[in-house]
$ cat upload_36.cif   # mmCIF, C-alpha atoms
data_protein
#
loop_
_atom_site.label_atom_id
_atom_site.label_comp_id
_atom_site.auth_asym_id
_atom_site.auth_seq_id
_atom_site.Cartn_x
_atom_site.Cartn_y
_atom_site.Cartn_z
CA MET R 1 -15.99 12.73 -10.76
CA GLU R 2 -14.69 15.87 -12.45
CA LYS R 3 -15.74 17.94 -9.42
CA ARG R 4 -13.87 15.58 -7.10
CA GLN R 5 -10.72 15.72 -9.23
CA THR R 6 -10.87 19.51 -9.26
CA PHE R 7 -11.19 19.57 -5.47
CA ARG R 8 -8.24 17.17 -5.04
CA ALA R 9 -6.11 19.17 -7.47
CA ALA R 10 -6.87 22.37 -5.57
CA ILE R 11 -5.80 20.77 -2.30
CA LEU R 12 -2.54 19.60 -3.86
CA ALA R 13 -1.91 23.06 -5.30
CA SER R 14 -2.38 24.51 -1.81
CA TYR R 15 0.55 22.32 -0.70
CA GLY R 16 2.71 23.88 -3.40
CA ALA R 17 2.52 21.03 -5.90
CA THR R 18 3.41 21.92 -9.49
CA GLU R 19 1.16 20.94 -12.37
CA SER R 20 3.20 17.82 -13.13
CA GLU R 21 3.32 16.86 -9.43
CA ILE R 22 -0.44 17.28 -9.19
CA GLU R 23 -0.87 14.87 -12.10
CA GLU R 24 1.43 12.34 -10.41
CA LEU R 25 -0.37 12.53 -7.09
CA LEU R 26 -3.86 12.42 -8.58
CA VAL R 27 -2.91 9.06 -10.06
CA TYR R 28 -1.07 7.80 -6.97
CA ASN R 29 -3.87 8.80 -4.57
CA GLN R 30 -6.73 7.60 -6.74
CA ASN R 31 -9.27 5.65 -4.69
CA VAL R 32 -9.81 2.18 -6.20
CA PHE R 33 -11.84 0.52 -3.45
CA GLU R 34 -15.04 -1.13 -4.73
CA HIS R 35 -18.05 -0.78 -2.45
CA ASP R 36 -20.68 -2.85 -4.25
CA SER R 37 -20.58 -5.59 -1.59
CA LEU R 38 -21.87 -3.35 1.22
CA GLN R 39 -25.38 -4.63 1.90
CA PRO R 40 -27.68 -4.64 4.98
CA SER R 41 -27.15 -8.42 5.22
CA LEU R 42 -23.40 -8.00 5.76
CA LYS R 43 -22.25 -9.44 9.09
CA PHE R 44 -18.85 -9.36 10.79
CA PRO R 45 -16.72 -11.35 10.99
CA LEU R 46 -17.06 -12.48 7.39
CA GLU R 47 -17.39 -16.18 6.59
CA PRO R 48 -13.97 -17.88 6.34
CA GLU R 49 -12.46 -18.63 2.96
CA SER R 50 -12.31 -22.23 1.76
CA HIS R 51 -8.64 -22.84 2.61
CA ILE R 52 -9.26 -22.32 6.34
CA ILE R 53 -10.60 -25.86 6.83
CA THR R 54 -7.32 -27.32 5.56
CA TRP R 55 -5.24 -24.94 7.68
CA GLN R 56 -7.22 -25.92 10.76
CA GLU R 57 -6.10 -29.48 10.05
CA TYR R 58 -2.53 -28.23 9.80
CA ALA R 59 -2.92 -26.56 13.19
CA VAL R 60 -4.13 -29.83 14.75
CA SER R 61 -1.21 -31.73 13.22
CA ALA R 62 1.20 -29.03 14.39
CA ARG R 63 0.22 -29.61 18.00
CA GLU R 64 1.59 -33.15 17.68
CA MET R 65 4.46 -32.78 15.17
CA GLY R 66 5.44 -29.15 15.56
CA VAL R 67 4.55 -26.31 13.19
CA PHE R 68 7.66 -26.37 11.03
CA GLU R 69 7.62 -30.15 10.55
CA THR R 70 3.93 -30.01 9.64
CA LEU R 71 4.30 -27.16 7.17
CA LYS R 72 7.36 -28.68 5.47
CA LYS R 73 5.08 -31.49 4.38
CA VAL R 74 2.61 -29.14 2.67
CA LEU R 75 4.35 -25.85 1.72
CA VAL R 76 6.85 -27.08 -0.84
CA GLN R 77 9.07 -23.97 -0.81
CA LEU R 78 10.07 -24.88 2.76
CA LEU R 79 11.84 -27.94 1.35
CA PHE R 80 14.50 -25.77 -0.30
CA PRO R 81 17.30 -23.66 1.19
CA ILE R 82 17.75 -19.93 0.61
CA GLN R 83 20.28 -19.91 -2.20
CA ALA R 84 21.10 -17.54 -5.05
CA GLY R 85 19.83 -18.89 -8.36
CA ILE R 86 17.84 -21.77 -6.90
CA SER R 87 14.57 -20.54 -8.40
CA GLN R 88 16.07 -20.98 -11.88
CA THR R 89 16.86 -24.67 -11.41
CA GLU R 90 14.77 -27.37 -13.05
CA ALA R 91 14.34 -29.13 -9.71
CA TYR R 92 12.86 -26.07 -8.01
CA SER R 93 10.50 -25.35 -10.89
CA ALA R 94 9.39 -28.96 -11.04
CA VAL R 95 8.39 -29.03 -7.37
CA THR R 96 6.95 -25.51 -6.96
CA LEU R 97 5.36 -24.99 -10.37
CA LYS R 98 4.48 -28.52 -11.50
CA GLY R 99 3.82 -30.31 -8.24
CA VAL R 100 6.49 -32.98 -8.74
CA ASN R 101 7.03 -35.14 -5.65
CA PRO R 102 10.03 -33.59 -3.85
CA GLU R 103 11.17 -36.83 -2.20
CA SER R 104 13.32 -37.70 -5.20
CA ILE R 105 14.81 -34.20 -5.55
CA PRO R 106 18.40 -33.95 -4.18
CA GLU R 107 18.24 -30.13 -4.10
CA ALA R 108 15.34 -30.24 -1.61
CA THR R 109 17.61 -30.12 1.43
CA GLY R 110 15.18 -27.99 3.42
CA LEU R 111 14.86 -24.43 4.65
CA VAL R 112 17.12 -23.72 7.61
CA LEU R 113 15.58 -21.85 10.55
CA GLU R 114 17.48 -20.79 13.65
CA HIS R 115 14.64 -21.85 15.95
CA PRO R 116 12.27 -24.13 14.01
CA ASP R 117 10.79 -25.45 17.24
CA LYS R 118 9.60 -21.96 18.19
CA LEU R 119 7.58 -21.31 15.03
CA HIS R 120 3.91 -20.85 15.94
CA LEU R 121 0.73 -21.17 13.86
CA GLN R 122 -2.47 -19.38 14.84
CA ILE R 123 -5.83 -19.34 13.07
CA TYR R 124 -6.79 -15.77 13.93
CA GLN R 125 -10.42 -14.65 13.89
CA SER R 126 -10.34 -11.26 12.17
CA LEU R 127 -13.23 -9.07 11.04
CA ALA R 128 -12.57 -10.37 7.54
CA GLY R 129 -12.86 -13.97 8.72
CA ALA R 130 -10.37 -16.48 10.07
CA ILE R 131 -6.85 -16.33 8.62
CA PRO R 132 -3.71 -18.41 9.32
CA VAL R 133 -0.84 -16.52 10.98
CA LEU R 134 2.76 -17.77 11.16
CA LEU R 135 4.80 -16.36 14.05
CA PRO R 136 8.55 -17.07 13.99
CA SER R 137 10.44 -16.26 17.19
CA ASN R 138 13.18 -14.09 15.72
CA ARG R 139 13.99 -11.70 12.87
CA GLU R 140 16.26 -14.12 11.01
CA ASP R 141 13.56 -16.79 10.75
CA PHE R 142 10.99 -14.20 9.66
CA VAL R 143 13.30 -13.11 6.82
CA SER R 144 13.96 -16.74 5.82
CA LEU R 145 10.24 -17.55 5.67
CA VAL R 146 9.46 -14.42 3.65
CA ARG R 147 12.27 -15.17 1.21
CA SER R 148 11.16 -18.78 0.88
CA LEU R 149 7.44 -18.15 0.41
CA THR R 150 7.50 -14.86 -1.53
CA LYS R 151 10.97 -14.57 -3.13
CA ARG R 152 11.22 -18.13 -4.48
CA ASN R 153 13.98 -18.97 -1.97
CA GLU R 154 16.28 -16.30 -3.37
CA PRO R 155 18.38 -14.25 -0.88
CA LEU R 156 16.76 -10.96 -1.86
CA PRO R 157 16.79 -7.97 0.55
CA ILE R 158 13.92 -7.55 3.03
CA PRO R 159 13.55 -3.96 4.39
CA ALA R 160 14.32 -3.61 8.10
CA SER R 161 11.05 -1.68 8.50
CA MET R 162 9.08 -4.67 7.15
CA GLY R 163 7.75 -6.80 9.98
CA ALA R 164 4.81 -8.54 8.34
CA CYS R 165 3.95 -10.17 5.06
CA MET R 166 0.55 -11.04 3.65
CA ILE R 167 0.81 -13.96 1.24
CA GLY R 168 -2.11 -14.27 -1.16
CA GLY R 169 -2.74 -16.45 -4.17
CA TYR R 170 -0.42 -19.12 -2.78
CA ASN R 171 -0.69 -22.30 -4.86
CA ASN R 172 -0.99 -25.05 -2.25
CA TRP R 173 0.02 -28.34 -3.85
CA ASP R 174 -1.22 -30.23 -0.79
CA ARG R 175 -4.77 -29.04 -1.48
CA ILE R 176 -4.35 -29.98 -5.16
CA ARG R 177 -3.23 -33.49 -4.15
CA ARG R 178 -6.22 -33.79 -1.84
CA TYR R 179 -8.49 -32.69 -4.66
CA ARG R 180 -6.96 -35.33 -6.95
CA GLN R 181 -7.38 -38.09 -4.37
CA GLN R 182 -11.05 -37.23 -3.93
CA TRP R 183 -11.56 -37.01 -7.69
CA GLU R 184 -9.96 -40.45 -8.17
CA ARG R 185 -12.23 -41.97 -5.52
CA GLU R 186 -15.26 -40.51 -7.28
CA ASN R 187 -14.07 -41.51 -10.76
CA PRO R 188 -12.38 -44.90 -10.34
CA GLU R 189 -12.96 -45.91 -13.97
CA ASN R 190 -11.72 -42.65 -15.51
CA CYS R 191 -8.68 -41.54 -13.52
CA SER R 192 -5.77 -42.13 -15.85
CA GLU R 193 -2.93 -39.61 -16.08
CA ALA R 194 -4.53 -38.18 -19.22
CA ASP R 195 -7.89 -37.92 -17.43
CA TRP R 196 -6.22 -36.09 -14.54
CA LYS R 197 -4.53 -33.60 -16.88
CA ALA R 198 -7.93 -32.77 -18.34
CA GLU R 199 -9.44 -32.43 -14.87
CA PHE R 200 -6.50 -30.29 -13.73
CA ARG R 201 -7.19 -27.85 -16.58
CA ARG R 202 -10.77 -27.57 -15.32
CA LEU R 203 -9.49 -27.01 -11.79
CA ILE R 204 -7.15 -24.12 -12.65
CA PRO R 205 -9.87 -21.40 -12.95
CA GLN R 206 -11.34 -22.47 -9.55
CA LYS R 207 -8.65 -20.72 -7.53
CA ASN R 208 -10.52 -20.95 -4.23
CA ARG R 209 -9.94 -24.72 -4.36
CA TYR R 210 -6.15 -24.50 -4.23
CA GLN R 211 -4.99 -20.95 -3.52
CA ASP R 212 -4.41 -19.87 0.08
CA ARG R 213 -3.92 -16.61 1.95
CA PHE R 214 -1.96 -16.35 5.18
CA ILE R 215 0.21 -13.94 7.17
CA ILE R 216 3.79 -14.08 8.44
CA LEU R 217 4.52 -11.82 11.42
CA SER R 218 7.85 -10.96 13.02
CA ASP R 219 8.22 -10.44 16.75
CA GLY R 220 10.32 -7.29 16.37
CA PHE R 221 9.53 -3.66 17.06
CA TYR R 222 6.84 -2.30 14.76
CA SER R 223 8.26 -0.39 11.77
CA ASN R 224 11.72 -0.90 13.32
CA VAL R 225 10.94 1.90 15.83
CA SER R 226 12.77 1.49 19.13
CA PRO R 227 10.91 1.56 22.48
CA ASN R 228 13.08 4.51 23.54
CA ASP R 229 11.57 6.59 20.73
CA LEU R 230 8.11 6.04 22.23
CA GLY R 231 9.13 6.16 25.88
CA LEU R 232 8.05 2.56 26.48
CA PRO R 233 9.68 -0.45 28.17
CA GLU R 234 11.01 -2.96 25.63
CA SER R 235 8.67 -5.77 26.72
CA GLU R 236 5.59 -3.55 26.46
CA TRP R 237 6.53 -2.18 23.04
CA ARG R 238 7.20 -5.71 21.75
CA ARG R 239 3.74 -6.76 22.94
CA LEU R 240 2.06 -3.69 21.43
CA SER R 241 4.02 -4.14 18.20
CA LEU R 242 2.59 -7.61 17.70
CA THR R 243 -0.96 -6.32 18.22
CA ILE R 244 -0.47 -3.43 15.77
CA ARG R 245 1.18 -5.68 13.21
CA LEU R 246 -1.52 -8.36 13.35
CA GLU R 247 -4.45 -5.94 13.14
CA HIS R 248 -2.66 -3.98 10.39
CA GLU R 249 -2.37 -7.07 8.19
CA CYS R 250 -5.92 -8.16 8.97
CA THR R 251 -7.15 -4.74 7.85
CA HIS R 252 -5.46 -5.31 4.49
CA TYR R 253 -7.23 -8.66 4.39
CA PHE R 254 -10.49 -6.89 5.22
CA THR R 255 -10.21 -4.39 2.34
CA ARG R 256 -9.14 -7.17 -0.02
CA ARG R 257 -12.16 -9.34 0.76
CA LEU R 258 -14.72 -6.57 1.09
CA PHE R 259 -13.54 -3.97 -1.42
CA ASN R 260 -11.42 -6.04 -3.81
CA SER R 261 -8.30 -3.96 -3.19
CA MET R 262 -5.12 -4.27 -1.15
CA GLN R 263 -2.39 -2.01 -2.50
CA ASN R 264 1.13 -1.04 -1.50
CA ASN R 265 -0.20 2.48 -1.16
CA LEU R 266 -0.20 5.16 1.51
CA LEU R 267 -4.00 5.35 1.92
CA ASP R 268 -4.07 1.59 2.55
CA GLU R 269 -1.28 2.00 5.10
CA LEU R 270 -3.03 4.87 6.87
CA ILE R 271 -6.20 2.80 7.26
CA ALA R 272 -4.32 -0.34 8.35
CA ASP R 273 -2.16 1.51 10.88
CA TYR R 274 -5.27 3.27 12.19
CA ARG R 275 -6.85 -0.08 13.02
CA GLY R 276 -3.58 -1.44 14.41
CA ILE R 277 -2.85 1.50 16.71
CA VAL R 278 -6.43 1.59 17.99
CA ALA R 279 -6.33 -2.18 18.68
CA ALA R 280 -3.14 -1.72 20.69
CA THR R 281 -3.92 1.48 22.62
CA GLY R 282 -7.67 2.06 22.43
CA ARG R 283 -7.25 5.31 20.52
CA TYR R 284 -5.55 6.59 17.39
CA ARG R 285 -2.18 8.30 17.77
CA ALA R 286 -0.99 10.34 14.79
CA ASP R 287 2.44 10.80 16.39
CA TRP R 288 3.00 7.04 16.38
CA PHE R 289 1.89 6.68 12.77
CA LEU R 290 4.13 9.54 11.65
CA ARG R 291 7.13 8.05 13.45
CA PHE R 292 6.44 4.70 11.80
CA MET R 293 6.56 6.49 8.45
CA GLY R 294 9.70 8.55 9.24
CA LEU R 295 7.72 11.79 9.39
CA GLU R 296 8.12 12.68 13.05
CA SER R 297 10.27 15.75 12.25
CA LEU R 298 8.65 17.20 9.14
CA PRO R 299 9.87 18.88 6.95
CA ASN R 300 12.81 16.53 7.58
CA TYR R 301 12.12 12.98 6.42
CA ARG R 302 13.91 10.03 8.06
CA ASP R 303 15.01 7.71 5.25
CA SER R 304 14.69 4.57 7.37
CA GLY R 305 10.95 5.18 7.80
CA ARG R 306 8.33 3.04 6.09
CA LEU R 307 7.18 5.81 3.77
CA GLU R 308 9.93 4.91 1.32
CA ASN R 309 8.25 1.51 0.82
CA TYR R 310 5.13 3.22 -0.60
CA ARG R 311 6.61 5.56 -3.15
CA GLY R 312 4.73 3.85 -5.96
CA GLN R 313 5.52 2.28 -9.32
CA PRO R 314 6.90 4.18 -11.11
CA PRO R 315 8.23 6.00 -8.03
CA LEU R 316 6.94 9.48 -7.32
CA SER R 317 9.31 12.30 -8.24
CA ASP R 318 11.19 14.00 -5.39
CA GLY R 319 8.85 16.98 -5.53
CA ALA R 320 5.67 14.90 -5.48
CA PHE R 321 7.09 12.73 -2.68
CA LYS R 322 7.74 15.87 -0.63
CA VAL R 323 4.13 17.01 -1.12
CA LEU R 324 2.92 13.52 -0.16
CA GLN R 325 4.81 13.77 3.14
CA ALA R 326 3.00 16.96 4.12
CA LEU R 327 -0.33 15.62 2.84
CA VAL R 328 -0.25 12.39 4.87
CA THR R 329 0.92 14.27 7.97
CA ASP R 330 -2.16 16.49 7.91
CA ALA R 331 -4.39 13.51 7.08
CA ALA R 332 -3.10 11.64 10.16
CA VAL R 333 -3.58 14.65 12.43
CA ASN R 334 -7.12 15.16 11.10
CA LEU R 335 -7.88 11.47 11.65
CA GLU R 336 -6.65 11.61 15.25
CA ARG R 337 -8.85 14.63 15.93
CA PHE R 338 -11.90 13.01 14.36
CA ASP R 339 -11.34 9.73 16.22
CA ALA R 340 -11.05 11.54 19.55
CA GLU R 341 -14.05 13.83 19.05
CA TYR R 342 -16.63 11.73 17.21
CA ILE R 343 -16.21 7.98 17.73
CA HIS R 344 -17.95 7.89 21.12
CA GLU R 345 -20.35 10.70 20.24
CA LEU R 346 -21.56 8.66 17.25
CA SER R 347 -21.83 5.49 19.37
CA ILE R 348 -19.40 3.69 17.05
CA SER R 349 -17.38 1.00 18.76
CA HIS R 350 -13.68 0.66 17.96
CA GLU R 351 -14.37 -3.06 17.71
CA GLN R 352 -16.51 -2.36 14.66
CA PRO R 353 -14.98 -1.33 11.34
CA LEU R 354 -17.30 1.56 10.44
CA LEU R 355 -14.68 4.31 10.50
CA ALA R 356 -12.18 2.14 8.66
CA ILE R 357 -14.85 1.50 6.02
CA ALA R 358 -15.60 5.21 5.83
CA LEU R 359 -11.92 5.95 5.20
CA THR R 360 -11.99 3.73 2.11
CA TYR R 361 -14.40 6.21 0.48
CA LEU R 362 -11.93 9.10 0.63
CA THR R 363 -8.56 10.07 -0.79
CA LEU R 364 -5.51 11.45 1.01
CA GLU R 365 -6.31 14.91 -0.37
CA GLU R 366 -9.79 14.77 1.16
CA LEU R 367 -8.46 13.43 4.46
CA ALA R 368 -5.92 16.28 4.64
CA SER R 369 -8.48 18.96 3.74
CA PRO R 370 -10.38 21.24 6.15
CA GLU R 371 -13.60 19.56 4.95
CA VAL R 372 -12.64 16.11 6.24
CA THR R 373 -14.96 16.18 9.26
CA SER R 374 -18.11 16.99 7.30
CA ARG R 375 -17.20 14.42 4.63
CA LEU R 376 -16.56 11.65 7.16
CA LEU R 377 -19.74 12.41 9.11
CA LYS R 378 -21.79 12.23 5.92
CA ILE R 379 -20.23 8.91 4.90
CA LEU R 380 -20.71 7.42 8.38
CA GLU R 381 -24.37 8.45 8.39
CA GLN R 382 -24.86 6.72 5.04
CA LEU R 383 -23.01 3.61 6.23
CA GLN R 384 -25.09 3.32 9.38
CA THR R 385 -28.22 3.49 7.23
CA THR R 386 -26.90 0.96 4.71
CA LEU R 387 -25.65 -1.58 7.26
CA SER R 388 -28.43 -1.23 9.82
#
$ encode --input "upload_36.cif" --output "structure tokens"
Amino acid sequence: MEKRQTFRAAILASYGATESEIEELLVYNQNVFEHDSLQPSLKFPLEPESHIITWQEYAVSAREMGVFETLKKVLVQLLFPIQAGISQTEAYSAVTLKGVNPESIPEATGLVLEHPDKLHLQIYQSLAGAIPVLLPSNREDFVSLVRSLTKRNEPLPIPASMGACMIGGYNNWDRIRRYRQQWERENPENCSEADWKAEFRRLIPQKNRYQDRFIILSDGFYSNVSPNDLGLPESEWRRLSLTIRLEHECTHYFTRRLFNSMQNNLLDELIADYRGIVAATGRYRADWFLRFMGLESLPNYRDSGRLENYRGQPPLSDGAFKVLQALVTDAAVNLERFDAEYIHELSISHEQPLLAIALTYLTLEELASPEVTSRLLKILEQLQTTLS
């Protein structure tokens, strides 16, 4: 580990990073992916998580009732409007945190969407297993859904460059009610309110029984980049944007399930955009990724780019952020070169996640270094042996 840190520090120094900036970036770029789950028995796609069965029922119901009407019955946040301070009210807390029946709550006037009839639900088969995807038909409804389901119905700002949202650890009170109904049927003599409270305490640690994961996608241009910037017709860029966005989020899901990590971090974004761009175009394009990030004219950084969203907590200093811009630019260019030269030579299909998995073993410093090709080839050789 000490040897690796020394190598990373030397790379950062070569970019002109000061001692304090090197310390910042060593922490920010630390690789935290866990690889213990990689075994020869691993097969893709992964088995679906337990909440998928319930969401498949929602999808069936949605074909008859409509998606929004179906989900309002099960996702309790959708019963409340977007309103400043609403999350602090007793009524909101009672419904969302305690599972109180919302029918008697006057404040539950419902989330307002511009086109509720055009909200779509898809159970998408990703490499990480099936996952529910919500697809509103316009930007305003995307923002409303994100605010409702992740911002506790508060009118908080959503960055224009944000076009997707992965929701994990969502407490689904519908699944809890279903659990209670089954428990009561199986324990007809011992299902008092006090008995249920005791059972509920036993349920809480079993998060797979009531916590869901799903994705909300907007239909807008990816990373708020206009089709003119890429020389594409609007309809084509909108179609490609949806493909990139969906595969990007599913890659986050993949690393979360397989490697127990999904961070708001630039390495995660590089890997996810790699998979998204390849899914959309058949090859990796560093120029697209850099434009998405606001780095198309380095050393000038475009403030409206996505890179600002991944500055870290606490945020990187201005100097370290400047070094990071150069570092990720070289990493993207190196990745494009490797993808073009070695994917077919190694008989690795883009439909398989081997290169994406290999990227989780490295850091941005290693990806930006002149040694990246030899390091990736070695990792891929080991992976092919492990997973064969």
$ resolve_selection --input "upload_36.cif" --expression "the PyMOL selection byres ((chain R and resi 139) around 12)" --output "VMD selection string"
chain R and resid 113 to 115 119 135 to 138 140 to 146 158 to 164 216 to 222 224
$ resolve_selection --input "upload_36.cif" --expression "the PyMOL selection byres ((chain R and resi 343) around 12)" --output "ChimeraX atom specification"
/R:278,282-284,335-342,344-356,373,376-377,380
$ closest_residue --input "upload_36.cif" --among "R:Trp173, R:Ser37, R:Tyr15, R:His120" --to "Thr54 (chain R)" --atoms "all atoms listed in the file"
R:Trp173
$ resolve_selection --input "upload_36.cif" --expression "the PyMOL selection byres ((chain R and resi 326) around 10)" --output "list in words"
Tyr15, Leu295, Leu298, Pro299, Phe321, Lys322, Val323, Leu324, Gln325, Leu327, Val328, Thr329, Asp330, Ala331 and Ala368 of chain R
$ closest_residue --input "upload_36.cif" --among "R:Asp174, R:Glu189, R:Asp36, R:Glu269" --to "Lys72 (chain R)" --atoms "all atoms listed in the file"
R:Asp174
$ build_atoms --input "upload_36.cif" --residues "region 188-207 of chain R" --atoms "N, CA and C atoms" --output "tab-separated table (two decimals), keeping the file's coordinate frame"
chain	number	residue	atom	x	y	z
R	188	PRO	N	-13.36	-43.80	-10.31
R	188	PRO	CA	-12.38	-44.90	-10.34
R	188	PRO	C	-12.15	-45.47	-11.74
R	189	GLU	N	-13.10	-45.34	-12.63
R	189	GLU	CA	-12.96	-45.91	-13.97
R	189	GLU	C	-12.33	-44.91	-14.96
R	190	ASN	N	-12.22	-43.66	-14.57
R	190	ASN	CA	-11.72	-42.65	-15.51
R	190	ASN	C	-10.71	-41.73	-14.80
R	191	CYS	N	-9.66	-42.33	-14.27
R	191	CYS	CA	-8.68	-41.54	-13.52
R	191	CYS	C	-7.25	-41.81	-13.99
R	192	SER	N	-7.11	-41.97	-15.28
R	192	SER	CA	-5.77	-42.13	-15.85
R	192	SER	C	-5.01	-40.81	-15.76
R	193	GLU	N	-3.72	-40.84	-16.10
R	193	GLU	CA	-2.93	-39.61	-16.08
R	193	GLU	C	-3.49	-38.60	-17.07
R	194	ALA	N	-3.94	-39.08	-18.22
R	194	ALA	CA	-4.53	-38.18	-19.22
R	194	ALA	C	-5.84	-37.58	-18.71
R	195	ASP	N	-6.64	-38.41	-18.01
R	195	ASP	CA	-7.89	-37.92	-17.43
R	195	ASP	C	-7.60	-36.84	-16.39
R	196	TRP	N	-6.56	-37.07	-15.57
R	196	TRP	CA	-6.22	-36.09	-14.54
R	196	TRP	C	-5.75	-34.77	-15.17
R	197	LYS	N	-4.98	-34.83	-16.23
R	197	LYS	CA	-4.53	-33.60	-16.88
R	197	LYS	C	-5.72	-32.77	-17.37
R	198	ALA	N	-6.73	-33.47	-17.89
R	198	ALA	CA	-7.93	-32.77	-18.34
R	198	ALA	C	-8.68	-32.16	-17.16
R	199	GLU	N	-8.77	-32.93	-16.07
R	199	GLU	CA	-9.44	-32.43	-14.87
R	199	GLU	C	-8.67	-31.27	-14.26
R	200	PHE	N	-7.34	-31.35	-14.30
R	200	PHE	CA	-6.50	-30.29	-13.73
R	200	PHE	C	-6.73	-28.98	-14.49
R	201	ARG	N	-6.90	-29.07	-15.79
R	201	ARG	CA	-7.19	-27.85	-16.58
R	201	ARG	C	-8.52	-27.24	-16.16
R	202	ARG	N	-9.48	-28.09	-15.80
R	202	ARG	CA	-10.77	-27.57	-15.32
R	202	ARG	C	-10.65	-26.98	-13.92
R	203	LEU	N	-9.69	-27.50	-13.15
R	203	LEU	CA	-9.49	-27.01	-11.79
R	203	LEU	C	-8.85	-25.62	-11.77
R	204	ILE	N	-7.96	-25.34	-12.69
R	204	ILE	CA	-7.15	-24.12	-12.65
R	204	ILE	C	-7.98	-22.84	-12.47
R	205	PRO	N	-9.10	-22.65	-13.17
R	205	PRO	CA	-9.87	-21.40	-12.95
R	205	PRO	C	-10.53	-21.32	-11.57
R	206	GLN	N	-10.66	-22.45	-10.86
R	206	GLN	CA	-11.34	-22.47	-9.55
R	206	GLN	C	-10.31	-22.22	-8.45
R	207	LYS	N	-9.80	-21.01	-8.39
R	207	LYS	CA	-8.65	-20.72	-7.53
R	207	LYS	C	-8.95	-20.92	-6.05
